[in-house]
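One file, protein-v6.tsv, carrying TSV, C-alpha atoms:
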```tsv
chain	number	residue	atom	x	y	z
L	41	MET	CA	11.35	-12.56	8.80
L	42	LYS	CA	12.62	-10.83	5.68
L	43	ILE	CA	12.91	-7.38	7.29
L	44	GLU	CA	16.19	-7.37	9.14
L	45	LYS	CA	17.05	-6.03	12.58
L	46	ASN	CA	17.60	-2.29	12.94
L	47	SER	CA	15.78	-1.56	9.67
L	48	THR	CA	13.70	1.47	8.72
L	49	LEU	CA	10.51	0.50	6.90
L	50	LEU	CA	8.83	3.32	4.98
L	51	MET	CA	5.24	2.84	3.81
L	52	ILE	CA	3.80	5.16	1.17
L	53	GLY	CA	0.51	5.41	-0.70
L	54	ASP	CA	-2.80	7.26	-0.74
L	55	SER	CA	-5.50	7.85	1.92
L	56	VAL	CA	-5.60	4.16	2.82
L	57	THR	CA	-1.99	4.51	3.94
L	58	ASP	CA	-2.22	8.10	5.22
L	59	CYS	CA	-5.01	7.61	7.78
L	60	GLY	CA	-4.32	10.85	9.63
L	61	ARG	CA	-0.57	10.40	9.94
L	62	GLY	CA	1.61	13.24	11.21
L	63	ARG	CA	3.46	15.71	9.00
L	64	PRO	CA	6.05	15.88	7.56
L	65	VAL	CA	6.40	12.17	8.33
L	66	GLY	CA	4.23	9.86	10.40
L	67	GLN	CA	5.98	7.79	13.06
L	68	TYR	CA	5.58	6.68	16.67
L	69	TRP	CA	2.30	8.11	18.05
L	70	GLU	CA	1.62	10.04	14.81
L	71	ILE	CA	1.79	7.10	12.43
L	72	GLY	CA	-1.94	7.19	11.61
L	73	ASP	CA	-4.68	4.78	12.57
L	74	GLY	CA	-4.70	2.37	9.62
L	75	TYR	CA	-2.83	-0.72	8.48
L	76	VAL	CA	0.55	1.02	8.88
L	77	SER	CA	-0.19	1.47	12.58
L	78	LEU	CA	-1.16	-2.18	12.90
L	79	VAL	CA	2.01	-3.31	11.14
L	80	ASP	CA	4.05	-1.10	13.45
L	81	SER	CA	2.31	-2.40	16.59
L	82	LEU	CA	2.71	-6.04	15.60
L	83	LEU	CA	6.40	-5.54	14.81
L	84	GLN	CA	7.07	-3.70	18.07
L	85	THR	CA	5.30	-6.26	20.25
L	86	VAL	CA	6.31	-9.55	18.60
L	87	TYR	CA	9.72	-8.50	17.29
L	88	PRO	CA	10.84	-5.95	19.93
L	89	ASP	CA	14.45	-7.11	19.60
L	90	TYR	CA	14.46	-6.22	15.90
L	91	ASN	CA	14.26	-2.48	16.61
L	92	ILE	CA	12.36	-1.77	13.38
L	93	ARG	CA	11.41	1.85	12.77
L	94	VAL	CA	8.22	2.34	10.71
L	95	LEU	CA	7.57	5.58	8.82
L	96	ASN	CA	4.35	6.63	7.08
L	97	THR	CA	4.49	9.10	4.17
L	98	GLY	CA	1.15	8.23	2.59
L	99	THR	CA	-0.89	11.20	1.32
L	100	SER	CA	-4.65	11.23	0.90
L	101	GLY	CA	-5.77	11.64	-2.71
L	102	ASP	CA	-2.43	10.67	-4.22
L	103	GLN	CA	-2.01	8.95	-7.56
L	104	VAL	CA	1.20	7.42	-8.83
L	105	LYS	CA	2.21	10.68	-10.53
L	106	HIS	CA	2.03	12.48	-7.18
L	107	LEU	CA	4.31	9.88	-5.62
L	108	LYS	CA	6.80	10.44	-8.44
L	109	ALA	CA	6.75	14.22	-7.95
L	110	ARG	CA	7.65	13.93	-4.25
L	111	TRP	CA	9.71	10.71	-4.24
L	112	GLU	CA	12.94	12.41	-3.23
L	113	GLU	CA	11.28	14.18	-0.30
L	114	ASP	CA	8.90	11.43	0.79
L	115	VAL	CA	11.21	8.43	0.33
L	116	PHE	CA	14.90	8.99	-0.39
L	117	LYS	CA	15.23	11.80	2.16
L	118	HIS	CA	14.49	9.28	4.95
L	119	ASN	CA	17.06	6.67	3.82
L	120	PRO	CA	14.78	3.67	4.37
L	121	ASP	CA	16.04	0.10	4.27
L	122	TRP	CA	12.67	-1.19	3.11
L	123	VAL	CA	9.91	0.56	1.14
L	124	SER	CA	6.28	-0.51	0.77
L	125	ILE	CA	4.13	1.05	-1.96
L	126	MET	CA	0.36	0.79	-2.29
L	127	ILE	CA	-0.98	3.09	-5.00
L	128	GLY	CA	-3.55	2.87	-7.76
L	129	ILE	CA	-6.97	3.26	-6.16
L	130	ASN	CA	-7.25	6.94	-7.05
L	131	ASP	CA	-5.68	6.36	-10.47
L	132	VAL	CA	-8.70	4.16	-11.22
L	133	TRP	CA	-11.34	5.86	-9.08
L	134	ARG	CA	-10.98	9.30	-10.69
L	135	GLN	CA	-11.89	7.79	-14.04
L	136	PHE	CA	-15.29	6.87	-12.58
L	137	SER	CA	-15.91	9.60	-10.00
L	138	HIS	CA	-14.86	12.43	-12.36
L	139	PRO	CA	-15.26	11.04	-15.89
L	140	LEU	CA	-15.09	14.47	-17.54
L	141	GLU	CA	-12.01	15.65	-15.64
L	142	THR	CA	-9.54	13.83	-17.85
L	143	ASP	CA	-6.58	15.72	-16.36
L	144	TRP	CA	-7.30	13.77	-13.16
L	145	HIS	CA	-7.13	10.40	-14.89
L	146	VAL	CA	-4.08	8.15	-14.85
L	147	TYR	CA	-4.51	5.47	-17.47
L	148	LEU	CA	-2.88	2.07	-17.38
L	149	GLU	CA	0.16	2.82	-19.54
L	150	GLU	CA	1.18	5.87	-17.47
L	151	TYR	CA	0.42	4.06	-14.22
L	152	GLU	CA	2.52	1.03	-15.04
L	153	GLN	CA	5.40	3.00	-16.55
L	154	THR	CA	5.59	5.41	-13.61
L	155	LEU	CA	5.39	2.70	-10.95
L	156	ARG	CA	8.04	0.67	-12.74
L	157	GLU	CA	10.33	3.73	-12.83
L	158	LEU	CA	9.89	4.30	-9.10
L	159	VAL	CA	10.72	0.68	-8.36
L	160	GLN	CA	13.78	0.71	-10.61
L	161	GLN	CA	15.06	3.97	-9.08
L	162	THR	CA	14.54	2.72	-5.55
L	163	LEU	CA	15.86	-0.84	-5.67
L	164	PRO	CA	19.58	0.09	-5.76
L	165	LYS	CA	19.12	2.20	-2.62
L	166	VAL	CA	17.22	-0.24	-0.37
L	167	LYS	CA	17.47	-3.76	1.00
L	168	GLY	CA	13.94	-4.65	-0.04
L	169	LEU	CA	10.77	-3.34	-1.65
L	170	ILE	CA	7.15	-4.45	-1.34
L	171	LEU	CA	4.35	-3.67	-3.79
L	172	MET	CA	0.75	-3.88	-2.58
L	173	THR	CA	-1.93	-4.08	-5.25
L	174	PRO	CA	-4.86	-1.66	-5.34
L	175	TYR	CA	-8.25	-3.20	-4.59
L	176	TYR	CA	-12.00	-2.60	-4.72
L	177	LEU	CA	-14.23	-4.14	-2.07
L	178	SER	CA	-16.67	-5.94	-4.34
L	179	THR	CA	-16.75	-9.50	-5.61
L	180	THR	CA	-18.75	-8.48	-8.68
L	181	THR	CA	-15.84	-8.72	-11.09
L	182	GLU	CA	-18.03	-7.41	-13.93
L	183	ASP	CA	-18.42	-4.10	-12.10
L	184	PRO	CA	-16.47	-1.60	-14.27
L	185	MET	CA	-14.47	-0.18	-11.38
L	186	ARG	CA	-13.62	-3.60	-9.95
L	187	ALA	CA	-12.69	-4.87	-13.41
L	188	THR	CA	-10.40	-1.87	-14.02
L	189	MET	CA	-8.85	-2.20	-10.57
L	190	ASP	CA	-8.04	-5.82	-11.35
L	191	ILE	CA	-6.22	-4.73	-14.52
L	192	TYR	CA	-4.14	-2.24	-12.53
L	193	GLY	CA	-3.45	-4.92	-9.95
L	194	GLU	CA	-2.12	-7.19	-12.67
L	195	ALA	CA	0.26	-4.40	-13.69
L	196	VAL	CA	1.61	-4.33	-10.14
L	197	LYS	CA	2.16	-8.09	-10.26
L	198	ARG	CA	3.99	-7.79	-13.60
L	199	ILE	CA	6.35	-5.19	-12.20
L	200	ALA	CA	6.99	-7.33	-9.12
L	201	GLN	CA	7.76	-10.35	-11.26
L	202	GLU	CA	10.07	-8.39	-13.56
L	203	THR	CA	12.01	-6.78	-10.72
L	204	GLY	CA	11.95	-9.60	-8.18
L	205	VAL	CA	10.28	-7.59	-5.43
L	206	ILE	CA	7.66	-8.85	-2.97
L	207	VAL	CA	4.04	-8.42	-4.00
L	208	VAL	CA	1.00	-8.37	-1.70
L	209	ASP	CA	-2.24	-9.27	-3.49
L	210	THR	CA	-4.62	-7.23	-1.34
L	211	GLN	CA	-7.59	-7.96	-3.62
L	212	ALA	CA	-7.13	-11.69	-3.16
L	213	ALA	CA	-6.94	-11.20	0.61
L	214	PHE	CA	-10.26	-9.36	0.66
L	215	ASP	CA	-11.87	-11.79	-1.80
L	216	ALA	CA	-10.95	-14.71	0.47
L	217	LEU	CA	-13.35	-13.34	3.09
L	218	SER	CA	-16.27	-12.95	0.67
L	219	ALA	CA	-17.77	-16.32	1.55
L	220	TYR	CA	-18.29	-15.07	5.10
L	221	VAL	CA	-18.32	-11.26	5.01
L	222	TYR	CA	-19.91	-8.85	2.55
L	223	PRO	CA	-16.82	-7.05	1.19
L	224	ALA	CA	-18.23	-3.51	1.40
L	225	SER	CA	-18.81	-4.03	5.13
L	226	LEU	CA	-15.03	-3.91	5.53
L	227	SER	CA	-15.03	-0.27	4.38
L	228	ASN	CA	-16.02	2.93	6.15
L	229	GLY	CA	-19.44	4.06	4.99
L	230	TRP	CA	-19.54	1.05	2.70
L	231	ASP	CA	-17.69	3.07	0.03
L	232	HIS	CA	-15.87	-0.08	-1.16
L	233	VAL	CA	-12.47	1.65	-0.78
L	234	HIS	CA	-11.57	3.12	2.63
L	235	PRO	CA	-11.16	0.26	5.12
L	236	ASN	CA	-12.64	0.18	8.58
L	237	GLN	CA	-10.58	-1.41	11.36
L	238	ASN	CA	-11.34	-4.93	10.15
L	239	GLY	CA	-10.35	-4.00	6.62
L	240	HIS	CA	-7.10	-2.45	7.79
L	241	LEU	CA	-6.31	-5.63	9.70
L	242	VAL	CA	-6.74	-7.61	6.46
L	243	LEU	CA	-4.15	-5.33	4.82
L	244	ALA	CA	-1.73	-5.52	7.77
L	245	ARG	CA	-2.01	-9.31	7.99
L	246	SER	CA	-1.41	-9.71	4.25
L	247	PHE	CA	1.62	-7.44	4.38
L	248	LEU	CA	3.16	-9.27	7.33
L	249	GLN	CA	2.55	-12.67	5.77
L	250	ALA	CA	4.38	-11.50	2.65
L	251	VAL	CA	7.50	-10.63	4.68
L	252	GLN	CA	7.32	-13.99	6.51
L	253	TYR	CA	6.30	-12.59	9.87
L	254	ASP	CA	6.13	-15.38	12.46
L	255	TRP	CA	2.78	-15.04	14.22
L	256	SER	CA	3.73	-17.68	16.79
L	257	ARG	CA	7.05	-16.12	17.74
L	258	SER	CA	7.74	-15.90	21.45
L	259	THR	CA	9.04	-12.64	22.84
L	260	PRO	CA	12.81	-13.14	23.27
```
Could you write out this structure as structure tokens?
Amino acid sequence: MKIEKNSTLLMIGDSVTDCGRGRPVGQYWEIGDGYVSLVDSLLQTVYPDYNIRVLNTGTSGDQVKHLKARWEEDVFKHNPDWVSIMIGINDVWRQFSHPLETDWHVYLEEYEQTLRELVQQTLPKVKGLILMTPYYLSTTTEDPMRATMDIYGEAVKRIAQETGVIVVDTQAAFDALSAYVYPASLSNGWDHVHPNQNGHLVLARSFLQAVQYDWSRSTP
């Protein structure tokens, strides 16, 4: 597995990452009840000898500009070895949910530039960094919000390719299930965004596959 022994993994993002985590930082029994918790549980039970500490500093409602404003406090202060970032859903969503509140909008150029800056600032201080794309739980690619989310997801992939960091294509992971499961049924209240437990497991599985987690590993 790419994440080394005795590492601290910090996961940051919006409400999908937050999931009721403790303040000022989520860890142990206050890590939240979403994909971060599942990642933590699977690391602790299959890789107990790795002694990996997982921290959650996701904040509900955040956009990439909010991450930038608190990056020192939410990331660097904790001296992580690995950082995972999943941001972008609200950057897109606010353009559709509040079309007249333009101060709430984060358009593609600002989104990509800000995320790239965060990656570039962070890489010299960590052993590894993982970018998770934003997603929208619909296979109707002509839907304006899904189409815009795909554009923002491509920006994440560009940054990952430019900087050599790991990328998790969460949209592709959800789309792979569409032949068997209606995508919105993986979200709470069918809002197409906030995952239920099955949706969070899709995110956790995709993340762990990206870091080469060995699902068949025997407990040492």
Contacts of Gln160 of chain L at 10 Å (all atoms listed in the file; same-chain gap of 6+ positions) as a ChimeraX atom specification
/L:154,199,203
Check the smallest atom-to-atom distance from each of L:Asp190, L:Asp80, L:Asp89, L:Glu112 to Val132 of chain L using all atoms listed in the file, then report the winner.
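So, comparing all the options, the nearest one is L:Asp190.
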Of the listed residues L:Pro139, L:Pro120, L:Pro174, L:Gly66, that which approaches Asn96 of chain L most closely, counting only C-alpha atoms
L:Gly66
Show me, as a ChimeraX atom specification, the residues that have an atom within 12 Å of Leu248 of chain L when counting all atoms listed in the file, minus same-chain residues fewer than 6 positions from it.
/L:41-43,75-76,78-83,86-87,124,170,172,206-208,210,241-242,254-255
Work out how far apart atom CA of Ile125 of chain L and atom CA of Arg257 of chain L are and give it in Å to one decimal.
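Going from atom CA of Ile125 of chain L over to atom CA of Arg257 of chain L covers 26.3 Å.
Of note, atom CA of Met185 of chain L and atom CA of Val159 of chain L are spaced 25.4 Å apart.
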In terms of the shortest atom-to-atom distance over all atoms listed in the file, which of L:Leu177, L:Ala200, L:Met51, L:Ile92 is closest to Tyr222 of chain L?
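Among the listed residues, the smallest separation from Tyr222 of chain L belongs to L:Leu177.
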Residue among L:Ser178, L:Pro64, L:Gln249, L:Arg186 lying closest to Ser225 of chain L, counting all atoms listed in the file:
L:Ser178
Find the residues around segment 226-238 of chain L up to 10 Å (all atoms listed in the file counted), leave out those fewer than 5 positions away in its own chain, and share them as JSON, numbers by chain.
{"L": [55, 56, 57, 59, 73, 74, 75, 78, 129, 130, 133, 174, 175, 176, 177, 178, 186, 214, 217, 221, 243, 244]}
Output C-alpha atoms of each residue in that selection to a file, as a PDB file, in the coordinates of the input.
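What follows is the written file selection_23.pdb:
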```
ATOM      1  CA  SER L  55      -5.500   7.850   1.920  1.00  0.00           C
ATOM      2  CA  VAL L  56      -5.600   4.160   2.820  1.00  0.00           C
ATOM      3  CA  THR L  57      -1.990   4.510   3.940  1.00  0.00           C
ATOM      4  CA  CYS L  59      -5.010   7.610   7.780  1.00  0.00           C
ATOM      5  CA  ASP L  73      -4.680   4.780  12.570  1.00  0.00           C
ATOM      6  CA  GLY L  74      -4.700   2.370   9.620  1.00  0.00           C
ATOM      7  CA  TYR L  75      -2.830  -0.720   8.480  1.00  0.00           C
ATOM      8  CA  LEU L  78      -1.160  -2.180  12.900  1.00  0.00           C
ATOM      9  CA  ILE L 129      -6.970   3.260  -6.160  1.00  0.00           C
ATOM     10  CA  ASN L 130      -7.250   6.940  -7.050  1.00  0.00           C
ATOM     11  CA  TRP L 133     -11.340   5.860  -9.080  1.00  0.00           C
ATOM     12  CA  PRO L 174      -4.860  -1.660  -5.340  1.00  0.00           C
ATOM     13  CA  TYR L 175      -8.250  -3.200  -4.590  1.00  0.00           C
ATOM     14  CA  TYR L 176     -12.000  -2.600  -4.720  1.00  0.00           C
ATOM     15  CA  LEU L 177     -14.230  -4.140  -2.070  1.00  0.00           C
ATOM     16  CA  SER L 178     -16.670  -5.940  -4.340  1.00  0.00           C
ATOM     17  CA  ARG L 186     -13.620  -3.600  -9.950  1.00  0.00           C
ATOM     18  CA  PHE L 214     -10.260  -9.360   0.660  1.00  0.00           C
ATOM     19  CA  LEU L 217     -13.350 -13.340   3.090  1.00  0.00           C
ATOM     20  CA  VAL L 221     -18.320 -11.260   5.010  1.00  0.00           C
ATOM     21  CA  LEU L 243      -4.150  -5.330   4.820  1.00  0.00           C
ATOM     22  CA  ALA L 244      -1.730  -5.520   7.770  1.00  0.00           C
TER      23      ALA L 244
END
```
Point (18.5, 2.6, 5.8) neighbourhood (7 Å, only C-alpha atoms) written as a PyMOL selection string
chain L and resi 47-48+119-121+166
So that I can check the surroundings of Thr179 of chain L, please list as an mmCIF file with C-alpha atoms, in the frame of the given file every protein, DNA and RNA residue that reaches within 10 Å of it, counting all atoms listed in the file and ignoring chain neighbours fewer than 6 positions away.
```cif
data_model
loop_
_atom_site.group_PDB
_atom_site.id
_atom_site.type_symbol
_atom_site.label_atom_id
_atom_site.label_comp_id
_atom_site.auth_asym_id
_atom_site.auth_seq_id
_atom_site.Cartn_x
_atom_site.Cartn_y
_atom_site.Cartn_z
ATOM 1 C CA ARG L 186 -13.620 -3.600 -9.950
ATOM 2 C CA ALA L 187 -12.690 -4.870 -13.410
ATOM 3 C CA GLN L 211 -7.590 -7.960 -3.620
ATOM 4 C CA PHE L 214 -10.260 -9.360 0.660
ATOM 5 C CA ASP L 215 -11.870 -11.790 -1.800
ATOM 6 C CA ALA L 216 -10.950 -14.710 0.470
ATOM 7 C CA SER L 218 -16.270 -12.950 0.670
ATOM 8 C CA ALA L 219 -17.770 -16.320 1.550
ATOM 9 C CA TYR L 222 -19.910 -8.850 2.550
ATOM 10 C CA PRO L 223 -16.820 -7.050 1.190
ATOM 11 C CA ALA L 224 -18.230 -3.510 1.400
#
```
Residue with the minimum atom-to-atom distance to Glu149 of chain L, picked from L:Leu163, L:Leu171, L:Val196, L:Ala250 with all atoms listed in the file counted, is L:Val196
From atom CA of Ile127 of chain L to atom CA of Thr188 of chain L the spacing works out at 14.0 Å
Contacts of Val146 of chain L at 12 Å or less, counting all atoms listed in the file, minus same-chain residues fewer than 4 places along, as a list in words?
Asp102, Gln103, Val104, Lys105, His106, Ile127, Gly128, Ile129, Asn130, Asp131, Val132, Trp133, Arg134, Gln135, Phe136, His138, Pro139, Glu141, Thr142, Glu150, Tyr151, Glu152, Gln153, Thr154, Leu155, Thr188 and Tyr192 of chain L
Go ahead and fit an axis-aligned box to every listed atom of segment 79-85 of chain L plus 8 Å each side, and pass me the centre and edge lengths in Å, one decimal, as lines of an AutoDock Vina configuration file.
```
center_x = 4.5
center_y = -3.7
center_z = 15.7
size_x = 21.1
size_y = 21.2
size_z = 25.1
```
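Comparing the minimum interatomic distances between Ala213 of chain L and each of L:Gln201, L:Thr85, L:Thr162, L:Ser246, counting only C-alpha atoms, we find that L:Ser246 sits nearest.
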Mind rebuilding segment 240-256 of chain L with N, CA and C atoms and writing that out as a PDB file, in the coordinates of the input?
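Okay, this is what ended up in rebuild07.pdb:
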```
ATOM      1  N   HIS L 240      -8.514  -2.772   7.604  1.00  0.00           N
ATOM      2  CA  HIS L 240      -7.100  -2.450   7.790  1.00  0.00           C
ATOM      3  C   HIS L 240      -6.327  -3.652   8.345  1.00  0.00           C
ATOM      4  N   LEU L 241      -6.978  -4.438   9.180  1.00  0.00           N
ATOM      5  CA  LEU L 241      -6.310  -5.630   9.700  1.00  0.00           C
ATOM      6  C   LEU L 241      -6.057  -6.647   8.590  1.00  0.00           C
ATOM      7  N   VAL L 242      -6.966  -6.741   7.623  1.00  0.00           N
ATOM      8  CA  VAL L 242      -6.740  -7.610   6.460  1.00  0.00           C
ATOM      9  C   VAL L 242      -5.478  -7.162   5.722  1.00  0.00           C
ATOM     10  N   LEU L 243      -5.329  -5.852   5.515  1.00  0.00           N
ATOM     11  CA  LEU L 243      -4.150  -5.330   4.820  1.00  0.00           C
ATOM     12  C   LEU L 243      -2.871  -5.589   5.618  1.00  0.00           C
ATOM     13  N   ALA L 244      -2.913  -5.321   6.928  1.00  0.00           N
ATOM     14  CA  ALA L 244      -1.730  -5.520   7.770  1.00  0.00           C
ATOM     15  C   ALA L 244      -1.323  -6.990   7.791  1.00  0.00           C
ATOM     16  N   ARG L 245      -2.301  -7.868   7.938  1.00  0.00           N
ATOM     17  CA  ARG L 245      -2.010  -9.310   7.990  1.00  0.00           C
ATOM     18  C   ARG L 245      -1.387  -9.773   6.670  1.00  0.00           C
ATOM     19  N   SER L 246      -1.933  -9.312   5.556  1.00  0.00           N
ATOM     20  CA  SER L 246      -1.410  -9.710   4.250  1.00  0.00           C
ATOM     21  C   SER L 246       0.008  -9.220   4.052  1.00  0.00           C
ATOM     22  N   PHE L 247       0.266  -7.990   4.485  1.00  0.00           N
ATOM     23  CA  PHE L 247       1.620  -7.440   4.380  1.00  0.00           C
ATOM     24  C   PHE L 247       2.597  -8.272   5.203  1.00  0.00           C
ATOM     25  N   LEU L 248       2.247  -8.550   6.450  1.00  0.00           N
ATOM     26  CA  LEU L 248       3.160  -9.270   7.330  1.00  0.00           C
ATOM     27  C   LEU L 248       3.386 -10.707   6.857  1.00  0.00           C
ATOM     28  N   GLN L 249       2.357 -11.333   6.315  1.00  0.00           N
ATOM     29  CA  GLN L 249       2.550 -12.670   5.770  1.00  0.00           C
ATOM     30  C   GLN L 249       3.537 -12.656   4.613  1.00  0.00           C
ATOM     31  N   ALA L 250       3.496 -11.595   3.811  1.00  0.00           N
ATOM     32  CA  ALA L 250       4.380 -11.500   2.650  1.00  0.00           C
ATOM     33  C   ALA L 250       5.838 -11.348   3.043  1.00  0.00           C
ATOM     34  N   VAL L 251       6.103 -10.781   4.221  1.00  0.00           N
ATOM     35  CA  VAL L 251       7.500 -10.630   4.680  1.00  0.00           C
ATOM     36  C   VAL L 251       7.882 -11.737   5.658  1.00  0.00           C
ATOM     37  N   GLN L 252       7.050 -12.785   5.709  1.00  0.00           N
ATOM     38  CA  GLN L 252       7.320 -13.990   6.510  1.00  0.00           C
ATOM     39  C   GLN L 252       7.384 -13.703   7.999  1.00  0.00           C
ATOM     40  N   TYR L 253       6.467 -12.876   8.442  1.00  0.00           N
ATOM     41  CA  TYR L 253       6.300 -12.590   9.870  1.00  0.00           C
ATOM     42  C   TYR L 253       5.843 -13.863  10.581  1.00  0.00           C
ATOM     43  N   ASP L 254       6.443 -14.167  11.708  1.00  0.00           N
ATOM     44  CA  ASP L 254       6.130 -15.380  12.460  1.00  0.00           C
ATOM     45  C   ASP L 254       5.106 -15.042  13.549  1.00  0.00           C
ATOM     46  N   TRP L 255       3.849 -15.384  13.288  1.00  0.00           N
ATOM     47  CA  TRP L 255       2.780 -15.040  14.220  1.00  0.00           C
ATOM     48  C   TRP L 255       2.882 -15.791  15.540  1.00  0.00           C
ATOM     49  N   SER L 256       3.612 -16.881  15.576  1.00  0.00           N
ATOM     50  CA  SER L 256       3.730 -17.680  16.790  1.00  0.00           C
ATOM     51  C   SER L 256       5.016 -17.405  17.557  1.00  0.00           C
TER      52      SER L 256
END
```
